[in-house]
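Next comes final.csv, with CSV, C-alpha atoms.
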chain,number,residue,atom,x,y,z
A,14,MET,CA,114.5,102.6,77.5
A,15,GLU,CA,114.9,102.2,81.2
A,16,ALA,CA,111.9,100.0,82.1
A,17,ILE,CA,109.3,97.6,80.7
A,18,ALA,CA,105.9,97.2,82.4
A,19,CYS,CA,103.6,94.3,81.4
A,20,ASP,CA,100.1,93.3,82.3
A,21,LEU,CA,99.9,89.6,82.8
A,22,ASP,CA,96.7,87.9,81.6
A,23,ARG,CA,95.9,88.2,77.9
A,24,THR,CA,99.1,90.3,77.5
A,25,ILE,CA,102.0,88.0,78.2
A,26,LEU,CA,100.0,85.0,79.4
A,27,ALA,CA,97.4,83.3,77.2
A,28,ARG,CA,94.3,81.8,78.8
A,29,GLY,CA,95.3,78.7,80.7
A,30,ALA,CA,98.8,78.8,79.4
A,31,GLN,CA,102.3,79.0,80.9
A,32,LEU,CA,105.0,81.6,80.3
A,33,GLU,CA,106.7,80.8,77.1
A,34,PRO,CA,110.5,80.2,77.0
A,35,GLN,CA,110.9,82.9,74.4
A,36,LEU,CA,109.3,85.4,76.7
A,37,ILE,CA,111.4,84.4,79.6
A,38,ALA,CA,114.5,84.7,77.5
A,39,ALA,CA,113.5,88.2,76.3
A,40,ILE,CA,112.9,89.3,79.9
A,41,ALA,CA,116.3,88.0,80.9
A,42,ALA,CA,118.0,89.8,77.9
A,43,ALA,CA,116.3,93.0,78.9
A,44,GLN,CA,117.5,92.7,82.5
A,45,GLU,CA,121.0,91.9,81.4
A,46,ARG,CA,121.0,95.3,79.6
A,47,GLY,CA,120.0,97.0,82.9
A,48,ILE,CA,116.4,97.4,81.9
A,49,HIS,CA,113.9,97.0,84.8
A,50,VAL,CA,111.0,94.6,84.0
A,51,VAL,CA,107.8,95.0,86.1
A,52,ILE,CA,104.6,93.0,86.1
A,53,ALA,CA,101.5,95.1,86.7
A,54,THR,CA,98.4,93.0,87.3
A,55,GLY,CA,95.0,92.9,89.0
A,56,ARG,CA,95.9,89.5,90.4
A,57,MET,CA,96.7,88.7,94.1
A,58,PHE,CA,100.3,88.7,95.0
A,59,ARG,CA,100.2,85.0,96.0
A,60,SER,CA,98.8,84.2,92.6
A,61,VAL,CA,101.3,86.2,90.5
A,62,ARG,CA,104.5,85.6,92.6
A,63,PRO,CA,105.3,82.1,91.2
A,64,LEU,CA,105.0,83.4,87.7
A,65,ALA,CA,107.2,86.4,88.4
A,66,LEU,CA,109.9,84.1,89.9
A,67,GLU,CA,109.6,81.8,86.9
A,68,ALA,CA,110.1,84.7,84.6
A,69,GLY,CA,113.3,85.6,86.5
A,70,LEU,CA,111.9,88.7,88.2
A,71,SER,CA,112.9,89.2,91.9
A,72,GLY,CA,111.9,92.9,92.3
A,73,PRO,CA,108.6,94.7,92.8
A,74,ILE,CA,105.3,93.5,91.4
A,75,VAL,CA,102.3,95.7,91.0
A,76,CYS,CA,99.3,93.7,92.2
A,77,TYR,CA,95.6,94.3,92.9
A,78,GLN,CA,95.3,97.0,90.2
A,79,GLY,CA,98.1,98.9,92.0
A,80,ALA,CA,96.7,98.6,95.6
A,81,LEU,CA,99.7,96.4,96.5
A,82,VAL,CA,103.3,96.5,95.5
A,83,ALA,CA,105.5,93.6,96.8
A,84,GLU,CA,108.9,92.1,96.1
A,85,ALA,CA,108.7,88.8,94.3
A,86,GLU,CA,111.8,87.3,95.9
A,87,SER,CA,111.4,88.4,99.5
A,88,GLY,CA,107.6,88.6,99.6
A,89,ARG,CA,108.0,92.0,101.4
A,90,PHE,CA,105.1,94.5,101.0
A,91,LEU,CA,106.4,97.8,99.8
A,92,LEU,CA,103.1,99.6,99.4
A,93,HIS,CA,99.6,98.7,100.5
A,94,ALA,CA,96.6,101.0,99.8
A,95,PRO,CA,93.4,99.2,100.8
A,96,MET,CA,90.0,100.8,100.8
A,97,SER,CA,88.4,101.6,104.2
A,98,VAL,CA,86.1,99.1,105.9
A,99,GLU,CA,83.3,101.6,105.8
A,100,ILE,CA,83.3,102.2,102.1
A,101,ALA,CA,83.9,98.5,101.4
A,102,ARG,CA,80.8,97.6,103.4
A,103,GLU,CA,78.8,100.3,101.4
A,104,ALA,CA,80.1,98.8,98.1
A,105,ILE,CA,79.1,95.3,99.3
A,106,GLU,CA,75.6,96.5,100.1
A,107,ALA,CA,75.3,98.3,96.8
A,108,LEU,CA,76.4,95.2,94.9
A,109,ALA,CA,73.8,93.2,96.9
A,110,GLU,CA,71.2,95.5,95.5
A,111,GLU,CA,72.4,94.4,92.0
A,112,SER,CA,72.2,90.7,93.1
A,113,TYR,CA,75.9,90.3,93.3
A,114,SER,CA,78.1,89.1,96.2
A,115,PRO,CA,81.8,90.1,95.6
A,116,ASN,CA,85.0,88.3,96.3
A,117,VAL,CA,86.8,90.2,99.1
A,118,TYR,CA,90.5,90.3,99.4
A,119,VAL,CA,92.1,90.8,102.9
A,120,ASN,CA,95.8,90.1,103.7
A,121,ASP,CA,96.3,88.4,100.3
A,122,GLU,CA,93.5,85.9,101.0
A,123,MET,CA,90.2,85.6,99.1
A,124,TYR,CA,86.9,85.5,101.0
A,125,VAL,CA,83.4,84.9,99.8
A,126,ALA,CA,80.0,84.9,101.6
A,127,ASP,CA,79.2,81.4,100.1
A,128,HIS,CA,81.1,79.1,97.8
A,129,THR,CA,79.6,79.3,94.3
A,130,ALA,CA,80.5,77.9,90.9
A,131,ALA,CA,81.8,81.3,89.9
A,132,SER,CA,84.0,81.8,92.9
A,133,ASN,CA,85.4,78.3,92.7
A,134,ARG,CA,86.1,78.8,89.0
A,135,TYR,CA,87.9,82.1,89.7
A,136,ALA,CA,90.0,80.5,92.4
A,137,SER,CA,90.9,77.5,90.3
A,138,THR,CA,92.2,79.7,87.4
A,139,GLN,CA,94.5,81.5,89.7
A,140,SER,CA,95.5,78.5,91.9
A,141,ILE,CA,94.3,80.0,95.1
A,142,GLY,CA,92.1,78.9,98.0
A,143,VAL,CA,88.7,80.5,98.9
A,144,ARG,CA,87.4,81.0,102.4
A,145,GLU,CA,83.7,81.1,103.1
A,146,VAL,CA,82.6,83.5,105.8
A,147,GLY,CA,78.9,84.1,105.6
A,148,ASP,CA,77.6,87.6,105.8
A,149,LEU,CA,80.4,89.8,104.4
A,150,ILE,CA,79.3,93.0,106.0
A,151,ASP,CA,79.2,91.4,109.5
A,152,TRP,CA,82.4,89.6,108.9
A,153,LEU,CA,84.5,92.4,107.5
A,154,ARG,CA,86.7,94.0,110.2
A,155,GLU,CA,90.0,94.8,108.2
A,156,PRO,CA,90.4,97.1,105.2
A,157,PRO,CA,90.2,95.0,102.0
A,158,THR,CA,92.7,95.4,99.2
A,159,LYS,CA,90.0,95.0,96.6
A,160,LEU,CA,86.6,93.6,95.7
A,161,VAL,CA,85.8,91.7,92.6
A,162,VAL,CA,82.4,90.8,91.0
A,163,VAL,CA,82.2,88.0,88.5
A,164,GLY,CA,79.3,88.0,86.1
A,165,ASP,CA,77.8,88.4,82.6
A,166,PRO,CA,80.0,90.9,80.7
A,167,ASP,CA,77.1,93.0,79.3
A,168,HIS,CA,75.3,93.2,82.7
A,169,LEU,CA,78.5,94.1,84.4
A,170,ASP,CA,79.0,97.0,82.0
A,171,GLU,CA,75.6,98.4,83.3
A,172,VAL,CA,76.6,97.8,86.9
A,173,LYS,CA,79.9,99.5,86.3
A,174,LEU,CA,78.2,102.7,85.2
A,175,ARG,CA,75.9,102.7,88.2
A,176,MET,CA,78.7,102.0,90.6
A,177,ARG,CA,80.9,104.7,89.1
A,178,ARG,CA,78.2,107.2,89.6
A,179,ARG,CA,77.5,106.1,93.1
A,180,PHE,CA,81.2,106.0,94.2
A,181,ASP,CA,82.6,108.8,92.1
A,182,GLY,CA,85.7,110.1,93.8
A,183,ARG,CA,85.6,107.4,96.4
A,184,LEU,CA,86.6,104.2,94.6
A,185,PHE,CA,88.5,103.1,91.5
A,186,ILE,CA,86.2,100.8,89.5
A,187,SER,CA,87.2,99.1,86.3
A,188,LYS,CA,87.0,95.8,84.4
A,189,SER,CA,90.0,93.6,84.2
A,190,LEU,CA,88.5,90.9,82.0
A,191,ALA,CA,85.1,91.2,80.4
A,192,TYR,CA,83.5,89.2,83.2
A,193,PHE,CA,85.4,90.7,86.2
A,194,LEU,CA,84.4,94.1,87.7
A,195,GLU,CA,87.0,95.3,90.2
A,196,PHE,CA,86.9,97.8,93.0
A,197,ALA,CA,89.9,99.4,94.7
A,198,ALA,CA,90.6,102.5,96.8
A,199,HIS,CA,90.2,105.9,95.1
A,200,GLY,CA,93.5,106.9,93.4
A,201,VAL,CA,94.7,103.3,93.1
A,202,THR,CA,95.6,102.2,89.5
A,203,LYS,CA,98.2,100.2,87.8
A,204,GLY,CA,99.6,103.6,86.8
A,205,SER,CA,100.0,104.7,90.4
A,206,GLY,CA,101.6,101.4,91.2
A,207,LEU,CA,104.1,101.7,88.4
A,208,ALA,CA,104.9,105.3,89.5
A,209,PHE,CA,105.7,104.0,93.0
A,210,VAL,CA,108.0,101.4,91.5
A,211,ALA,CA,109.7,103.9,89.3
A,212,ASP,CA,110.4,106.1,92.3
A,213,THR,CA,111.6,103.2,94.4
A,214,LEU,CA,113.9,101.8,91.7
A,215,GLY,CA,114.9,105.1,90.2
A,216,PHE,CA,113.8,104.8,86.6
A,217,ALA,CA,112.0,107.4,84.5
A,218,LEU,CA,108.4,106.9,83.6
A,219,GLU,CA,109.0,108.7,80.3
A,220,ARG,CA,111.6,106.1,79.4
A,221,THR,CA,109.3,103.2,80.2
A,222,ILE,CA,107.3,101.1,77.7
A,223,ALA,CA,104.1,99.5,79.0
A,224,PHE,CA,102.1,96.7,77.5
A,225,GLY,CA,98.4,95.9,78.3
A,226,ASP,CA,95.1,94.7,76.9
A,227,GLY,CA,92.3,95.7,79.3
A,228,GLU,CA,90.3,98.6,80.5
A,229,ASN,CA,92.2,98.4,83.8
A,230,ASP,CA,95.5,99.1,81.8
A,231,ILE,CA,94.5,102.6,80.7
A,232,GLU,CA,96.4,104.3,83.5
A,233,LEU,CA,99.4,102.0,83.1
A,234,LEU,CA,99.8,102.8,79.4
A,235,ASP,CA,99.0,106.5,80.0
A,236,VAL,CA,101.7,107.0,82.7
A,237,ALA,CA,104.4,105.3,80.7
A,238,GLY,CA,106.3,107.1,78.0
A,239,PHE,CA,105.2,104.6,75.4
A,240,GLY,CA,102.0,102.6,75.5
A,241,VAL,CA,101.5,99.3,73.6
A,242,ALA,CA,98.2,97.5,73.4
A,243,VAL,CA,97.7,93.9,72.4
A,244,ASP,CA,95.8,93.3,69.2
A,245,GLU,CA,92.0,93.3,69.8
A,246,ALA,CA,92.5,95.0,73.2
A,247,ASP,CA,89.7,96.8,74.9
A,248,PRO,CA,88.8,99.8,72.7
A,249,SER,CA,89.2,102.1,75.7
A,250,LEU,CA,93.0,101.8,75.4
A,251,ALA,CA,93.0,103.5,72.0
A,252,PRO,CA,93.7,107.0,73.3
A,253,VAL,CA,96.7,105.9,75.2
A,254,THR,CA,98.1,103.5,72.7
A,255,ASP,CA,101.2,104.3,70.6
A,256,TRP,CA,101.6,100.9,69.0
A,257,SER,CA,100.1,97.4,69.0
A,258,VAL,CA,101.5,93.9,69.1
A,259,PRO,CA,100.1,90.4,68.5
A,260,PRO,CA,98.4,88.5,71.4
A,261,PRO,CA,100.3,86.2,73.8
A,262,GLU,CA,99.5,83.1,71.7
A,263,GLU,CA,101.7,84.7,69.0
A,264,LEU,CA,104.3,86.0,71.5
A,265,GLY,CA,103.7,89.6,70.7
A,266,VAL,CA,105.3,91.1,73.8
A,267,ALA,CA,108.3,88.8,73.6
A,268,ARG,CA,108.9,89.7,69.9
A,269,ALA,CA,108.5,93.4,70.7
A,270,ILE,CA,111.1,93.2,73.5
A,271,GLU,CA,113.5,91.4,71.2
A,272,ALA,CA,113.0,94.1,68.5
A,273,LEU,CA,113.5,96.9,70.9
A,274,LEU,CA,116.7,95.3,72.2
A,275,ALA,CA,118.0,94.8,68.7
A,276,ARG,CA,117.7,98.5,68.1
A,277,THR,CA,119.6,99.6,71.2

Just dump the structure as structure tokens.
Amino acid sequence: MEAIACDLDRTILARGAQLEPQLIAAIAAAQERGIHVVIATGRMFRSVRPLALEAGLSGPIVCYQGALVAEAESGRFLLHAPMSVEIAREAIEALAEESYSPNVYVNDEMYVADHTAASNRYASTQSIGVREVGDLIDWLREPPTKLVVVGDPDHLDEVKLRMRRRFDGRLFISKSLAYFLEFAAHGVTKGSGLAFVADTLGFALERTIAFGDGENDIELLDVAGFGVAVDEADPSLAPVTDWSVPPPEELGVARAIEALLART
């Protein structure tokens, strides 16, 4: 084993929880063995960076579903693959037809047309600020890193199917959590982000173990040599899952890392 890649929310971080000391110790033990540990998340860099540093990780973090890779310690951006302004405006218009106004992420900041209970709740869960800008299409001048829609899980499933048909081959569209539908540039995934990190740091993907729980982790588990899903993960992960572990409340990933280290 040369590397470990972990999704964050609902994989190593329980809802509203902090990183557990046992997990931090397992990560430290892996790094002491020369094993690279990489967080791969849909979150903004500014949101995940404090957690990565708390976990003792100073190297690259895969953020925004793979659209951004940045160093935790230095804050330096190593890779940024935003969507074009033109396609972002088209997506915003298409979502307006579905009665949604997305969160828009530019330069690691979150923007909304108007403050809503949903946008404020989203921002509070990730300890970030929100900037209100009015009409998003008129305001948008720089390529956004991603768009996120917050809504009813069942309705978002329907919207996802319509958006995938409309933007087939032009955008990556996936759910991160049941109530978050995320849009990124075509070809961007956590898997592509991890492949970039592997090339940058010099480890082999086939000797990497990846942990995840959501639909947006399919490519992450698929590109790694060994894919591990959290119990009760999204059913879409089944084809790329080699093994499963308990949820973060039961320290499943921490225990798995400990077991793997004990065997090597």

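In this comparison, which uses all atoms listed in the file, the residue of A:Ser187, A:Asn116, A:Ser71, A:Thr129 approaching Pro157 (chain A) most closely is A:Asn116.
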
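The shortest atom-to-atom distance to Ala269 (chain A), with only C-alpha atoms taken into account, belongs to A:Val243 out of A:Val236, A:Ala80, A:Leu160, A:Val243.
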
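Distances from A:Leu64, A:Cys19, A:Val82, A:Met57 to Val119 (chain A) were compared using all atoms listed in the file, and the smallest one belongs to A:Met57.
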
Tell me, counting only C-alpha atoms, for each residue of region 59-135 of chain A within 10 Å of region 170-175 of chain A, which pair of atoms is nearest and how far apart they are in Å to one decimal, in rows ordered by chain and increasing number, as a tab-separated table.
residue	atom	partner	partner_atom	distance
A:Ala107	CA	A:Arg175	CA	9.7
A:Leu108	CA	A:Val172	CA	8.4
A:Glu111	CA	A:Val172	CA	7.4
A:Tyr113	CA	A:Val172	CA	9.9

Problem set entry | Residue nearest Arg134 (chain A) among A:Ile37, A:Ala109, A:Val163, A:Leu274 (counting all atoms listed in the file) | A:Val163

Problem set entry | Spatial neighbours of Val51 (chain A), 9 Å, all atoms listed in the file, chain gap at least 3 places, as a ChimeraX atom specification | /A:16-20,65,70,72-75,207,210

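If all atoms listed in the file are the atoms counted, then among A:Glu67, A:Asp247, A:Asp235, A:Asp226 the closest residue to Ile25 (chain A) is A:Asp226.
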
Exercise. So what do you get for CA of His168 (chain A) versus CA of Gly55 (chain A), distance-wise?
Worked result: 20.7 Å

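Between Gly227 (chain A) and the candidates A:Pro166, A:Gly69, A:Pro115, A:Pro248, the tightest atom-to-atom separation, counting all atoms listed in the file, involves A:Pro248.
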
For this session: Just give me the gap between CA of Gly164 (chain A) and CA of His128 (chain A) in Å, one decimal is fine.
Result: 14.8 Å

For this session: Pick out the residues sitting within 10 Å of Ile141 (chain A), and hand them over as a count of residues only; count only C-alpha atoms, and ignore anything fewer than 6 positions along from it in its own chain.
Result: 7

Seminar exercise, completed: From CA of Ser114 (chain A) to CA of Ala126 (chain A) the spacing works out at 7.1 Å

Complete region 247-273 of chain A with N, CA, C and O atoms (output as an mmCIF file, keeping the file's coordinate frame).
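Heads up, here's the output in selection_26.cif:
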data_model
loop_
_atom_site.group_PDB
_atom_site.id
_atom_site.type_symbol
_atom_site.label_atom_id
_atom_site.label_comp_id
_atom_site.auth_asym_id
_atom_site.auth_seq_id
_atom_site.Cartn_x
_atom_site.Cartn_y
_atom_site.Cartn_z
ATOM 1 N N ASP A 247 90.895 96.037 74.639
ATOM 2 C CA ASP A 247 89.700 96.800 74.900
ATOM 3 C C ASP A 247 89.788 98.158 74.184
ATOM 4 O O ASP A 247 90.831 98.820 74.226
ATOM 5 N N PRO A 248 88.707 98.576 73.506
ATOM 6 C CA PRO A 248 88.800 99.800 72.700
ATOM 7 C C PRO A 248 89.097 101.063 73.579
ATOM 8 O O PRO A 248 89.600 102.056 73.037
ATOM 9 N N SER A 249 88.871 100.999 74.885
ATOM 10 C CA SER A 249 89.200 102.100 75.700
ATOM 11 C C SER A 249 90.645 102.482 75.796
ATOM 12 O O SER A 249 91.027 103.583 76.212
ATOM 13 N N LEU A 250 91.504 101.543 75.370
ATOM 14 C CA LEU A 250 93.000 101.800 75.400
ATOM 15 C C LEU A 250 93.428 102.639 74.218
ATOM 16 O O LEU A 250 94.548 103.144 74.243
ATOM 17 N N ALA A 251 92.588 102.788 73.213
ATOM 18 C CA ALA A 251 93.000 103.500 72.000
ATOM 19 C C ALA A 251 93.638 104.854 72.226
ATOM 20 O O ALA A 251 94.683 105.173 71.636
ATOM 21 N N PRO A 252 93.066 105.704 73.084
ATOM 22 C CA PRO A 252 93.700 107.000 73.300
ATOM 23 C C PRO A 252 95.046 107.055 73.888
ATOM 24 O O PRO A 252 95.756 108.057 73.777
ATOM 25 N N VAL A 253 95.434 105.965 74.561
ATOM 26 C CA VAL A 253 96.700 105.900 75.200
ATOM 27 C C VAL A 253 97.693 104.948 74.577
ATOM 28 O O VAL A 253 98.733 104.607 75.143
ATOM 29 N N THR A 254 97.346 104.474 73.386
ATOM 30 C CA THR A 254 98.100 103.500 72.700
ATOM 31 C C THR A 254 98.983 104.093 71.586
ATOM 32 O O THR A 254 98.457 104.783 70.719
ATOM 33 N N ASP A 255 100.294 103.847 71.633
ATOM 34 C CA ASP A 255 101.200 104.300 70.600
ATOM 35 C C ASP A 255 101.498 103.270 69.540
ATOM 36 O O ASP A 255 101.961 103.592 68.442
ATOM 37 N N TRP A 256 101.220 102.011 69.887
ATOM 38 C CA TRP A 256 101.600 100.900 69.000
ATOM 39 C C TRP A 256 100.838 99.683 69.467
ATOM 40 O O TRP A 256 100.262 99.663 70.572
ATOM 41 N N SER A 257 100.789 98.642 68.650
ATOM 42 C CA SER A 257 100.100 97.400 69.000
ATOM 43 C C SER A 257 100.989 96.216 68.673
ATOM 44 O O SER A 257 101.851 96.304 67.786
ATOM 45 N N VAL A 258 100.758 95.094 69.379
ATOM 46 C CA VAL A 258 101.500 93.900 69.100
ATOM 47 C C VAL A 258 100.523 92.692 69.082
ATOM 48 O O VAL A 258 99.406 92.796 69.589
ATOM 49 N N PRO A 259 100.919 91.568 68.502
ATOM 50 C CA PRO A 259 100.100 90.400 68.500
ATOM 51 C C PRO A 259 99.775 89.870 69.897
ATOM 52 O O PRO A 259 100.474 90.223 70.855
ATOM 53 N N PRO A 260 98.773 89.020 70.034
ATOM 54 C CA PRO A 260 98.400 88.500 71.400
ATOM 55 C C PRO A 260 99.449 87.516 71.893
ATOM 56 O O PRO A 260 100.377 87.120 71.172
ATOM 57 N N PRO A 261 99.301 87.112 73.163
ATOM 58 C CA PRO A 261 100.300 86.200 73.800
ATOM 59 C C PRO A 261 100.475 84.896 73.068
ATOM 60 O O PRO A 261 101.560 84.303 73.100
ATOM 61 N N GLU A 262 99.399 84.405 72.446
ATOM 62 C CA GLU A 262 99.500 83.100 71.700
ATOM 63 C C GLU A 262 100.532 83.261 70.578
ATOM 64 O O GLU A 262 101.121 82.244 70.162
ATOM 65 N N GLU A 263 100.751 84.493 70.101
ATOM 66 C CA GLU A 263 101.700 84.700 69.000
ATOM 67 C C GLU A 263 102.991 85.406 69.567
ATOM 68 O O GLU A 263 103.821 85.898 68.792
ATOM 69 N N LEU A 264 103.141 85.422 70.897
ATOM 70 C CA LEU A 264 104.300 86.000 71.500
ATOM 71 C C LEU A 264 104.618 87.405 71.156
ATOM 72 O O LEU A 264 105.763 87.806 70.940
ATOM 73 N N GLY A 265 103.554 88.203 71.092
ATOM 74 C CA GLY A 265 103.700 89.600 70.700
ATOM 75 C C GLY A 265 104.626 90.409 71.530
ATOM 76 O O GLY A 265 105.491 91.136 71.014
ATOM 77 N N VAL A 266 104.482 90.314 72.863
ATOM 78 C CA VAL A 266 105.300 91.100 73.800
ATOM 79 C C VAL A 266 106.775 90.622 73.684
ATOM 80 O O VAL A 266 107.709 91.427 73.650
ATOM 81 N N ALA A 267 106.969 89.319 73.671
ATOM 82 C CA ALA A 267 108.300 88.800 73.600
ATOM 83 C C ALA A 267 109.023 89.278 72.318
ATOM 84 O O ALA A 267 110.183 89.724 72.351
ATOM 85 N N ARG A 268 108.317 89.230 71.210
ATOM 86 C CA ARG A 268 108.900 89.700 69.900
ATOM 87 C C ARG A 268 109.161 91.192 69.956
ATOM 88 O O ARG A 268 110.161 91.664 69.392
ATOM 89 N N ALA A 269 108.279 91.937 70.619
ATOM 90 C CA ALA A 269 108.500 93.400 70.700
ATOM 91 C C ALA A 269 109.725 93.711 71.533
ATOM 92 O O ALA A 269 110.518 94.593 71.166
ATOM 93 N N ILE A 270 109.905 93.003 72.647
ATOM 94 C CA ILE A 270 111.100 93.200 73.500
ATOM 95 C C ILE A 270 112.356 92.894 72.698
ATOM 96 O O ILE A 270 113.341 93.633 72.720
ATOM 97 N N GLU A 271 112.320 91.781 71.974
ATOM 98 C CA GLU A 271 113.500 91.400 71.200
ATOM 99 C C GLU A 271 113.805 92.480 70.122
ATOM 100 O O GLU A 271 114.973 92.824 69.931
ATOM 101 N N ALA A 272 112.766 93.008 69.488
ATOM 102 C CA ALA A 272 113.000 94.100 68.500
ATOM 103 C C ALA A 272 113.553 95.319 69.080
ATOM 104 O O ALA A 272 114.454 95.954 68.513
ATOM 105 N N LEU A 273 113.038 95.689 70.253
ATOM 106 C CA LEU A 273 113.500 96.900 70.900
ATOM 107 C C LEU A 273 114.987 96.734 71.333
ATOM 108 O O LEU A 273 115.790 97.671 71.186
#
